[in-house]
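Student: Dropping in my_file10.cif, which is mmCIF, N, CA and C atoms and all ligand atoms:
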data_my_file
#
loop_
_atom_site.label_atom_id
_atom_site.label_comp_id
_atom_site.auth_asym_id
_atom_site.auth_seq_id
_atom_site.Cartn_x
_atom_site.Cartn_y
_atom_site.Cartn_z
N MET X 22 0.83 -1.20 0.00
CA MET X 22 0.00 0.00 0.00
C MET X 22 0.87 1.26 0.00
N ILE X 23 0.46 2.23 -0.80
CA ILE X 23 1.23 3.47 -0.94
C ILE X 23 0.45 4.61 -0.26
N VAL X 24 1.17 5.42 0.50
CA VAL X 24 0.57 6.58 1.16
C VAL X 24 1.03 7.84 0.44
N LYS X 25 0.06 8.74 0.20
CA LYS X 25 0.41 9.99 -0.48
C LYS X 25 0.89 11.01 0.56
N VAL X 26 2.06 11.57 0.29
CA VAL X 26 2.64 12.58 1.18
C VAL X 26 2.84 13.85 0.38
N THR X 27 2.58 15.00 0.99
CA THR X 27 2.77 16.28 0.29
C THR X 27 3.89 17.07 0.99
N CYS X 28 4.82 17.54 0.16
CA CYS X 28 5.94 18.30 0.72
C CYS X 28 5.44 19.62 1.31
N CYS X 29 5.91 19.93 2.50
CA CYS X 29 5.44 21.15 3.18
C CYS X 29 6.15 22.39 2.64
N VAL X 30 7.17 22.19 1.78
CA VAL X 30 7.89 23.34 1.22
C VAL X 30 7.40 23.64 -0.19
N CYS X 31 7.45 22.62 -1.09
CA CYS X 31 7.12 22.87 -2.50
C CYS X 31 5.76 22.32 -2.90
N ASN X 32 5.08 21.67 -1.97
CA ASN X 32 3.72 21.17 -2.21
C ASN X 32 3.64 19.99 -3.19
N ILE X 33 4.76 19.43 -3.60
CA ILE X 33 4.73 18.28 -4.50
C ILE X 33 4.22 17.06 -3.72
N SER X 34 3.39 16.26 -4.40
CA SER X 34 2.91 15.03 -3.76
C SER X 34 3.72 13.85 -4.25
N PHE X 35 3.99 12.94 -3.35
CA PHE X 35 4.75 11.73 -3.72
C PHE X 35 4.30 10.58 -2.83
N GLY X 36 4.59 9.38 -3.30
CA GLY X 36 4.13 8.20 -2.57
C GLY X 36 5.24 7.52 -1.79
N VAL X 37 4.90 7.05 -0.60
CA VAL X 37 5.82 6.19 0.16
C VAL X 37 5.02 4.97 0.61
N SER X 38 5.70 3.88 0.82
CA SER X 38 4.99 2.68 1.28
C SER X 38 4.40 2.94 2.66
N LYS X 39 3.29 2.25 2.96
CA LYS X 39 2.64 2.44 4.25
C LYS X 39 3.61 2.08 5.38
N GLU X 40 4.37 1.02 5.13
CA GLU X 40 5.33 0.56 6.14
C GLU X 40 6.34 1.67 6.46
N MET X 41 6.87 2.28 5.39
CA MET X 41 7.86 3.34 5.59
C MET X 41 7.22 4.55 6.26
N ASN X 42 6.00 4.89 5.84
CA ASN X 42 5.30 6.03 6.42
C ASN X 42 5.04 5.82 7.92
N ASP X 43 4.60 4.59 8.26
CA ASP X 43 4.38 4.27 9.68
C ASP X 43 5.67 4.46 10.48
N ASN X 44 6.74 3.96 9.87
CA ASN X 44 8.06 4.09 10.50
C ASN X 44 8.43 5.55 10.73
N LEU X 45 8.20 6.38 9.69
CA LEU X 45 8.53 7.81 9.79
C LEU X 45 7.63 8.52 10.81
N LEU X 46 6.35 8.10 10.86
CA LEU X 46 5.41 8.67 11.82
C LEU X 46 5.86 8.39 13.25
N GLN X 47 6.40 7.20 13.45
CA GLN X 47 6.80 6.80 14.79
C GLN X 47 8.16 7.37 15.19
N SER X 48 9.09 7.36 14.23
CA SER X 48 10.47 7.74 14.57
C SER X 48 10.71 9.25 14.54
N GLY X 49 9.99 9.95 13.66
CA GLY X 49 10.28 11.37 13.48
C GLY X 49 11.56 11.58 12.67
N ASN X 50 12.09 10.49 12.08
CA ASN X 50 13.31 10.59 11.27
C ASN X 50 13.06 11.45 10.03
N PRO X 51 14.09 12.12 9.55
CA PRO X 51 13.92 12.97 8.36
C PRO X 51 13.80 12.14 7.09
N PHE X 52 13.06 12.66 6.12
CA PHE X 52 13.01 12.09 4.77
C PHE X 52 12.91 13.26 3.80
N PHE X 53 12.99 12.97 2.50
CA PHE X 53 13.08 14.06 1.53
C PHE X 53 12.02 13.93 0.44
N CYS X 54 11.49 15.06 0.02
CA CYS X 54 10.57 15.05 -1.12
C CYS X 54 11.41 14.86 -2.38
N PRO X 55 10.80 14.57 -3.55
CA PRO X 55 11.60 14.36 -4.78
C PRO X 55 12.47 15.57 -5.14
N SER X 56 12.10 16.77 -4.68
CA SER X 56 12.92 17.96 -4.97
C SER X 56 14.02 18.16 -3.92
N GLY X 57 14.08 17.29 -2.93
CA GLY X 57 15.18 17.33 -1.97
C GLY X 57 14.91 18.12 -0.71
N HIS X 58 13.65 18.51 -0.48
CA HIS X 58 13.36 19.23 0.77
C HIS X 58 13.24 18.24 1.93
N GLU X 59 13.89 18.60 3.02
CA GLU X 59 13.85 17.71 4.18
C GLU X 59 12.49 17.82 4.87
N GLN X 60 11.95 16.67 5.22
CA GLN X 60 10.66 16.60 5.93
C GLN X 60 10.80 15.72 7.15
N TYR X 61 9.93 15.94 8.10
CA TYR X 61 9.76 14.95 9.18
C TYR X 61 8.44 15.21 9.85
N TYR X 62 7.92 14.22 10.50
CA TYR X 62 6.65 14.36 11.21
C TYR X 62 6.90 15.00 12.57
N THR X 63 6.40 16.23 12.74
CA THR X 63 6.69 17.02 13.94
C THR X 63 6.26 16.34 15.24
N ASP X 64 5.04 15.76 15.25
CA ASP X 64 4.53 15.14 16.47
C ASP X 64 5.43 14.00 16.95
N ALA X 65 5.89 13.21 15.96
CA ALA X 65 6.78 12.08 16.31
C ALA X 65 8.05 12.61 16.93
N ARG X 66 8.60 13.65 16.32
CA ARG X 66 9.85 14.22 16.82
C ARG X 66 9.65 14.76 18.24
N LYS X 67 8.50 15.44 18.43
CA LYS X 67 8.17 16.00 19.74
C LYS X 67 8.03 14.88 20.77
N ASN X 68 7.32 13.80 20.37
CA ASN X 68 7.13 12.66 21.26
C ASN X 68 8.45 12.01 21.64
N ASN X 69 9.32 11.86 20.62
CA ASN X 69 10.62 11.25 20.89
C ASN X 69 11.43 12.12 21.83
N LYS X 70 11.39 13.42 21.60
CA LYS X 70 12.12 14.36 22.46
C LYS X 70 11.59 14.25 23.89
N LYS X 71 10.24 14.17 24.00
CA LYS X 71 9.60 14.04 25.31
C LYS X 71 10.09 12.77 26.00
N LYS X 72 10.08 11.65 25.25
CA LYS X 72 10.52 10.37 25.83
C LYS X 72 11.98 10.44 26.27
N ILE X 73 12.83 11.04 25.42
CA ILE X 73 14.26 11.14 25.75
C ILE X 73 14.45 11.97 27.02
N LEU X 74 13.74 13.10 27.11
CA LEU X 74 13.86 13.95 28.30
C LEU X 74 13.32 13.26 29.54
N GLU X 75 12.20 12.54 29.39
CA GLU X 75 11.64 11.80 30.54
C GLU X 75 12.62 10.74 31.03
N GLN X 76 13.26 10.04 30.07
CA GLN X 76 14.24 9.03 30.43
C GLN X 76 15.41 9.66 31.18
N GLU X 77 15.85 10.81 30.68
CA GLU X 77 16.98 11.51 31.29
C GLU X 77 16.63 11.96 32.71
N ILE X 78 15.38 12.43 32.90
CA ILE X 78 14.93 12.85 34.23
C ILE X 78 14.96 11.67 35.20
N ILE X 79 14.48 10.50 34.74
CA ILE X 79 14.49 9.30 35.59
C ILE X 79 15.92 8.93 35.96
N GLU X 80 16.83 8.95 34.97
CA GLU X 80 18.22 8.58 35.23
C GLU X 80 18.88 9.56 36.21
N LEU X 81 18.61 10.86 36.03
CA LEU X 81 19.23 11.85 36.91
C LEU X 81 18.69 11.73 38.34
N LYS X 82 17.37 11.46 38.47
CA LYS X 82 16.80 11.23 39.80
C LYS X 82 17.49 10.05 40.48
N ASP X 83 17.70 8.97 39.72
CA ASP X 83 18.38 7.78 40.27
C ASP X 83 19.78 8.13 40.75
N ARG X 84 20.51 8.90 39.94
CA ARG X 84 21.88 9.26 40.32
C ARG X 84 21.90 10.12 41.57
N ILE X 85 20.98 11.08 41.65
CA ILE X 85 20.90 11.95 42.82
C ILE X 85 20.60 11.10 44.07
N GLU X 86 19.67 10.16 43.95
CA GLU X 86 19.35 9.28 45.08
C GLU X 86 20.55 8.43 45.46
N HIS X 87 21.26 7.93 44.44
CA HIS X 87 22.46 7.12 44.68
C HIS X 87 23.49 7.90 45.50
N TYR X 88 23.78 9.13 45.08
CA TYR X 88 24.78 9.93 45.80
C TYR X 88 24.28 10.37 47.16
N THR X 89 22.98 10.60 47.29
CA THR X 89 22.41 10.94 48.59
C THR X 89 22.61 9.79 49.56
N ARG X 90 22.39 8.55 49.10
CA ARG X 90 22.61 7.38 49.96
C ARG X 90 24.08 7.29 50.39
N ILE X 91 25.00 7.52 49.44
CA ILE X 91 26.44 7.47 49.75
C ILE X 91 26.77 8.53 50.81
N ILE X 92 26.29 9.76 50.61
CA ILE X 92 26.55 10.84 51.56
C ILE X 92 25.98 10.50 52.93
N ASP X 93 24.75 9.99 52.96
CA ASP X 93 24.14 9.61 54.24
C ASP X 93 24.99 8.57 54.97
N ASN X 94 25.48 7.57 54.21
CA ASN X 94 26.33 6.54 54.83
C ASN X 94 27.63 7.13 55.35
N GLN X 95 28.24 8.02 54.54
CA GLN X 95 29.50 8.63 54.95
C GLN X 95 29.30 9.48 56.20
N GLU X 96 28.18 10.22 56.24
CA GLU X 96 27.90 11.05 57.40
C GLU X 96 27.71 10.19 58.64
N TYR X 97 27.06 9.04 58.46
CA TYR X 97 26.88 8.12 59.56
C TYR X 97 28.25 7.65 60.07
N ASP X 98 29.13 7.27 59.13
CA ASP X 98 30.48 6.81 59.49
C ASP X 98 31.27 7.91 60.19
N ILE X 99 31.24 9.13 59.63
CA ILE X 99 31.98 10.24 60.21
C ILE X 99 31.52 10.50 61.64
N ASN X 100 30.20 10.47 61.87
CA ASN X 100 29.69 10.69 63.23
C ASN X 100 30.15 9.57 64.16
N TYR X 101 30.19 8.36 63.66
CA TYR X 101 30.65 7.23 64.45
C TYR X 101 32.13 7.45 64.83
N PHE X 102 32.96 7.85 63.86
CA PHE X 102 34.38 8.09 64.12
C PHE X 102 34.57 9.26 65.09
N ARG X 103 33.74 10.30 64.96
CA ARG X 103 33.83 11.44 65.88
C ARG X 103 33.55 11.00 67.31
N ARG X 104 32.50 10.18 67.48
CA ARG X 104 32.16 9.70 68.83
C ARG X 104 33.28 8.85 69.39
N SER X 105 33.88 8.00 68.52
CA SER X 105 34.99 7.15 68.97
C SER X 105 36.16 8.02 69.41
N ARG X 106 36.49 9.03 68.60
CA ARG X 106 37.62 9.91 68.94
C ARG X 106 37.36 10.62 70.27
N THR X 107 36.15 11.10 70.46
CA THR X 107 35.80 11.78 71.71
C THR X 107 35.98 10.83 72.89
N ALA X 108 35.55 9.59 72.72
CA ALA X 108 35.70 8.60 73.80
C ALA X 108 37.17 8.35 74.10
N TYR X 109 38.01 8.22 73.05
CA TYR X 109 39.46 7.99 73.25
C TYR X 109 40.11 9.20 73.90
N LYS X 110 39.68 10.43 73.53
CA LYS X 110 40.23 11.64 74.14
C LYS X 110 39.94 11.65 75.64
N GLY X 111 38.70 11.27 76.01
CA GLY X 111 38.32 11.20 77.42
C GLY X 111 39.19 10.20 78.16
N HIS X 112 39.35 9.05 77.57
CA HIS X 112 40.17 8.00 78.17
C HIS X 112 41.62 8.46 78.31
N PHE X 113 42.15 9.08 77.23
CA PHE X 113 43.52 9.61 77.22
C PHE X 113 43.71 10.60 78.36
N ASN X 114 42.78 11.53 78.52
CA ASN X 114 42.89 12.56 79.57
C ASN X 114 42.90 11.94 80.97
N ARG X 115 42.06 10.92 81.17
CA ARG X 115 42.03 10.26 82.48
C ARG X 115 43.36 9.55 82.78
N ILE X 116 43.90 8.84 81.78
CA ILE X 116 45.17 8.13 81.96
C ILE X 116 46.31 9.11 82.19
N LYS X 117 46.32 10.21 81.38
CA LYS X 117 47.38 11.21 81.48
C LYS X 117 47.37 11.86 82.87
N LYS X 118 46.19 12.16 83.37
CA LYS X 118 46.04 12.78 84.68
C LYS X 118 46.55 11.84 85.77
N LYS X 119 46.16 10.57 85.60
CA LYS X 119 46.59 9.54 86.56
C LYS X 119 48.12 9.46 86.56
N TYR X 120 48.72 9.43 85.37
CA TYR X 120 50.17 9.35 85.21
C TYR X 120 50.84 10.57 85.84
N ASP X 121 50.33 11.76 85.50
CA ASP X 121 50.92 12.99 86.01
C ASP X 121 50.85 13.02 87.55
N THR X 122 49.73 12.62 88.07
CA THR X 122 49.54 12.64 89.53
C THR X 122 50.52 11.68 90.20
N GLU X 123 50.69 10.51 89.61
CA GLU X 123 51.51 9.50 90.27
C GLU X 123 53.00 9.64 90.03
N PHE X 124 53.39 10.13 88.82
CA PHE X 124 54.82 10.09 88.47
C PHE X 124 55.48 11.44 88.21
N GLN X 125 54.73 12.47 87.81
CA GLN X 125 55.37 13.72 87.44
C GLN X 125 55.97 14.42 88.66
N ASN X 126 55.40 14.21 89.84
CA ASN X 126 55.89 14.87 91.05
C ASN X 126 57.28 14.36 91.46
N GLN X 127 57.64 13.17 90.97
CA GLN X 127 58.92 12.58 91.36
C GLN X 127 60.10 13.17 90.61
N VAL X 128 59.84 13.83 89.44
CA VAL X 128 60.94 14.36 88.61
C VAL X 128 61.58 15.58 89.26
ZN ZN B 201 9.66 19.72 -1.65
#
Will you turn the file into structure tokens for me?
Ligand SMILES: [Zn+2]
Tutor:
Amino acid sequence: MIVKVTCCVCNISFGVSKEMNDNLLQSGNPFFCPSGHEQYYTDARKNNKKKILEQEIIELKDRIEHYTRIIDNQEYDINYFRRSRTAYKGHFNRIKKKYDTEFQNQV
């Protein structure tokens, strides 16, 4: 089956197979009239652009969530290390005081 297409620039009509026309309608890919004017189906192109942007939005959301999880984990670790350091500092001060009290007076 042949579908009649009219060039939007020079108005010439030409035939393309239904299969090819369906393909062009879906893809938004460019094609040419017999005089060489580039054509494409605007809605298909718009739809494809929409799909590409939607896909990109999904991927970027995933990446942001991924890095948020990494940051949350790192912050958890850093807080854990801070608490450990504080505990060791307390212990260090108690031992140092004990040492100073018992041995520094003898020097
Ligand atoms: Zn044309």
Student: Expressed in Å to a single decimal, how great is the separation between atom C of Tyr62 of chain X and atom CA of Cys29 of chain X?
Tutor: 11.3 Å
Student: When distances are computed from only N, CA and C atoms and all ligand atoms, which of X:Phe35, X:Ser56, X:Asn42, X:Arg106 shows the smallest separation from ligand ZN 201 (chain B)?
Tutor: X:Ser56
Student: Using all atoms listed in the file, which of X:Val37, X:Leu81, X:Phe52, X:Gly57 sits nearest ligand ZN 201 (chain B)?
Tutor: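 Closest candidate: X:Gly57.
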Student: Using only C-alpha atoms, which protein or nucleic acid residues come within 10 Å of Asn44 of chain X? Drop anything in the same chain fewer than 6 positions from it, and give the result as a PyMOL selection string.
Tutor: chain X and resi 38+50+65
Student: May I have the selected residues written with N, CA and C atoms, as a JSON list (two decimals), keeping the file's coordinate frame?
Tutor:
[["chain", "number", "residue", "atom", "x", "y", "z"],
["X", 38, "SER", "N", 5.70, 3.88, 0.82],
["X", 38, "SER", "CA", 4.99, 2.68, 1.28],
["X", 38, "SER", "C", 4.40, 2.94, 2.66],
["X", 50, "ASN", "N", 12.09, 10.49, 12.08],
["X", 50, "ASN", "CA", 13.31, 10.59, 11.27],
["X", 50, "ASN", "C", 13.06, 11.45, 10.03],
["X", 65, "ALA", "N", 5.89, 13.21, 15.96],
["X", 65, "ALA", "CA", 6.78, 12.08, 16.31],
["X", 65, "ALA", "C", 8.05, 12.61, 16.93]]
Student: Taking the DSSP assignment computed from this structure's backbone, write out as JSON, numbers by chain all residues of chain X that belong to strand (DSSP E or B).
Tutor: {"X": [23, 24, 25, 26, 27, 34, 35, 36, 37, 38, 52, 53, 59, 60]}
Student: Could you save the residues just selected, with N, CA and C atoms, as a PDB file, keeping the file's coordinate frame?
Tutor:
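The file below, out-v3.pdb, is the result:
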ATOM      1  N   ILE X  23       0.460   2.230  -0.800  1.00  0.00           N
ATOM      2  CA  ILE X  23       1.230   3.470  -0.940  1.00  0.00           C
ATOM      3  C   ILE X  23       0.450   4.610  -0.260  1.00  0.00           C
ATOM      4  N   VAL X  24       1.170   5.420   0.500  1.00  0.00           N
ATOM      5  CA  VAL X  24       0.570   6.580   1.160  1.00  0.00           C
ATOM      6  C   VAL X  24       1.030   7.840   0.440  1.00  0.00           C
ATOM      7  N   LYS X  25       0.060   8.740   0.200  1.00  0.00           N
ATOM      8  CA  LYS X  25       0.410   9.990  -0.480  1.00  0.00           C
ATOM      9  C   LYS X  25       0.890  11.010   0.560  1.00  0.00           C
ATOM     10  N   VAL X  26       2.060  11.570   0.290  1.00  0.00           N
ATOM     11  CA  VAL X  26       2.640  12.580   1.180  1.00  0.00           C
ATOM     12  C   VAL X  26       2.840  13.850   0.380  1.00  0.00           C
ATOM     13  N   THR X  27       2.580  15.000   0.990  1.00  0.00           N
ATOM     14  CA  THR X  27       2.770  16.280   0.290  1.00  0.00           C
ATOM     15  C   THR X  27       3.890  17.070   0.990  1.00  0.00           C
ATOM     16  N   SER X  34       3.390  16.260  -4.400  1.00  0.00           N
ATOM     17  CA  SER X  34       2.910  15.030  -3.760  1.00  0.00           C
ATOM     18  C   SER X  34       3.720  13.850  -4.250  1.00  0.00           C
ATOM     19  N   PHE X  35       3.990  12.940  -3.350  1.00  0.00           N
ATOM     20  CA  PHE X  35       4.750  11.730  -3.720  1.00  0.00           C
ATOM     21  C   PHE X  35       4.300  10.580  -2.830  1.00  0.00           C
ATOM     22  N   GLY X  36       4.590   9.380  -3.300  1.00  0.00           N
ATOM     23  CA  GLY X  36       4.130   8.200  -2.570  1.00  0.00           C
ATOM     24  C   GLY X  36       5.240   7.520  -1.790  1.00  0.00           C
ATOM     25  N   VAL X  37       4.900   7.050  -0.600  1.00  0.00           N
ATOM     26  CA  VAL X  37       5.820   6.190   0.160  1.00  0.00           C
ATOM     27  C   VAL X  37       5.020   4.970   0.610  1.00  0.00           C
ATOM     28  N   SER X  38       5.700   3.880   0.820  1.00  0.00           N
ATOM     29  CA  SER X  38       4.990   2.680   1.280  1.00  0.00           C
ATOM     30  C   SER X  38       4.400   2.940   2.660  1.00  0.00           C
ATOM     31  N   PHE X  52      13.060  12.660   6.120  1.00  0.00           N
ATOM     32  CA  PHE X  52      13.010  12.090   4.770  1.00  0.00           C
ATOM     33  C   PHE X  52      12.910  13.260   3.800  1.00  0.00           C
ATOM     34  N   PHE X  53      12.990  12.970   2.500  1.00  0.00           N
ATOM     35  CA  PHE X  53      13.080  14.060   1.530  1.00  0.00           C
ATOM     36  C   PHE X  53      12.020  13.930   0.440  1.00  0.00           C
ATOM     37  N   GLU X  59      13.890  18.600   3.020  1.00  0.00           N
ATOM     38  CA  GLU X  59      13.850  17.710   4.180  1.00  0.00           C
ATOM     39  C   GLU X  59      12.490  17.820   4.870  1.00  0.00           C
ATOM     40  N   GLN X  60      11.950  16.670   5.220  1.00  0.00           N
ATOM     41  CA  GLN X  60      10.660  16.600   5.930  1.00  0.00           C
ATOM     42  C   GLN X  60      10.800  15.720   7.150  1.00  0.00           C
TER      43      GLN X  60
END
Student: Which protein, DNA or RNA residues have an atom within 8 Å of ligand ZN 201 (chain B), counting only C-alpha atoms and all ligand atoms, as a PyMOL selection string?
Tutor: chain X and resi 27-33+53-59
Student: Looking at X:Leu45, X:Met22, X:Lys82, X:Ile91, which one is nearest to Asp64 of chain X, with distances taken over only C-alpha atoms?
Tutor: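 So, comparing all the options, the nearest one is X:Leu45.
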Student: Give me the residues near segment 66-73 of chain X as a ChimeraX atom specification, where near means some atom within 9 Å (using only C-alpha atoms) and where sequence neighbours in that chain fewer than 2 positions away do not count.
Tutor: /X:46-50,61-64,75-78
Student: What is the atom CA of Asn114 of chain X to atom CA of Asn100 of chain X distance in Å?
Tutor: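 Computing the Euclidean distance for atom CA of Asn114 of chain X and atom CA of Asn100 of chain X yields 21.1 Å.
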Student: Select from chain X everything DSSP, run on the backbone, classes as alpha helix (DSSP H), then give the selection as JSON, numbers by chain.
Tutor: {"X": [39, 40, 41, 42, 43, 44, 45, 46, 47, 48, 63, 64, 65, 66, 67, 68, 69, 70, 71, 72, 73, 74, 75, 76, 77, 78, 79, 80, 81, 82, 83, 84, 85, 86, 87, 88, 89, 90, 91, 92, 93, 94, 95, 96, 97, 98, 99, 100, 101, 102, 103, 104, 105, 106, 107, 108, 109, 110, 111, 112, 113, 114, 115, 116, 117, 118, 119, 120, 121, 122, 123, 124]}
Student: Please report the interatomic distance between atom CA of Asn94 of chain X and atom CA of Glu80 of chain X in Å with one decimal.
Tutor: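 It comes out at 21.3 Å.
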